[in-house]
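Engineer: The structure follows.
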Amino acid sequence: MALPLVLLTGCSAESGSSSAGVPAVAPAQGDRAQENSGNSNSKVSAEQVERQLIRTATVDLHVDDVDKAIAEIKGKAANAGGFSGQENATKSYANVTVKVPSKELDRILEELGKVGDVTKREVRSEDVTEQVADVEGRLASQRASVERVRALFEKASSTSEITQIEAELNKRQQELESLQRRYDSLKGQVAMATLTVNVSPKGAAPPPVEETGFLSALAAGWNALTTGLGWIVIAIGAVLPFAVVIGGPVLAVIFVARRRRRVTQSSEAA
């Protein structure tokens, strides 16, 4: 059929360069206008729609009973429609990370004051509105692109046409799936906020904070050096008695052997 062969020429502006030797579907002017319209619409929607925020929060909590507090935090997250994630615990401290609906984050933060004493609270928001709008526009364009290539595939008659169009269709479907995964990830992060709660018993000193930077690295290196030198000194002290006991006779034998050799050489020279 001549139609697919005519359209399967040049390089595809939507999907990038095609593989060597395999022509790609070139979008028509109407398709390009649709893409440009989709991009402009994405910019407009970014201004009109509700702001898309990825919210995270960290809370330090002093409580009477650490295990009970962790259970209450996880229960509050579940009741709000969230779920618990990573959890770490020692005899004195514990921390838990939960996912909660973003709209419920502020309420849960307030309720943590009933679980224990909030000594520190940090809330951060990342605005990804433009990213979401951009991916939405690209998704719409990519779906239309896949449908156009699929229509050509249904009209293909020869084996070569089917092979070429099928390769292009698979490529565009993979790009569509990649965009969809990115979109789902963004929307998921926007929908569910991340809350990390560090729980410690009342009256206990806070866990040591790991310092980073040049000075902390220098201090760590100096500590490693002094520790290594200490082990070397201990090793020398452990070996020294054996060296004295065994080394004395060995040195005496070497001294006598060298002296006899010099006497023999002097006698031969005379």
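Residue numbering restarts at 1 for every chain of the structure tokens, chains are lettered A, B, ... in their displayed order, and ligands are numbered from 1 as they appear.
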How would you write, as JSON, numbers by chain, the set of residues in segment 73-246 of chain A that DSSP gives as strand (DSSP E)?

Structural biologist: {"A": [83, 84, 85, 86, 87, 88, 89, 94, 95, 96, 97, 98, 99, 100, 101, 117, 118, 119, 120, 121, 122, 123, 124, 125, 126, 127, 192, 193, 194, 195, 196, 197, 198, 199, 200, 201]}

Engineer: May I ask for the distance between atom CA of Phe153 of chain A and atom CA of Tyr183 of chain A, given in Å to one decimal place?

Structural biologist: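 According to the coordinates, atom CA of Phe153 of chain A and atom CA of Tyr183 of chain A are separated by 27.4 Å.
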
Engineer: Within 8 Å of Ile70 of chain A, counting only C-alpha atoms, which residues qualify if same-chain residues fewer than 4 places away don't, as a PyMOL selection string?

Structural biologist: chain A and resi 66+74+94-96+199

Engineer: Restrict the selected residues to C-alpha atoms and save them as a short mmCIF file (atom, residue, chain, number, x, y, z; two decimals), in the first residue's frame.

Structural biologist:
```cif
data_model
loop_
_atom_site.label_atom_id
_atom_site.label_comp_id
_atom_site.auth_asym_id
_atom_site.auth_seq_id
_atom_site.Cartn_x
_atom_site.Cartn_y
_atom_site.Cartn_z
CA VAL A 66 8.12 4.87 72.97
CA LYS A 74 0.87 4.42 62.82
CA ALA A 94 12.70 4.98 67.55
CA ASN A 95 11.64 6.64 64.32
CA VAL A 96 8.88 5.83 61.92
CA VAL A 199 10.46 9.38 69.11
#
```

Engineer: Check the smallest atom-to-atom distance from each of A:Thr58, A:Ser84, A:Ser160, A:Asn170 to Val100 of chain A using only C-alpha atoms, then report the winner.

Structural biologist: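 Smallest distance to Val100 of chain A is found for A:Ser84.
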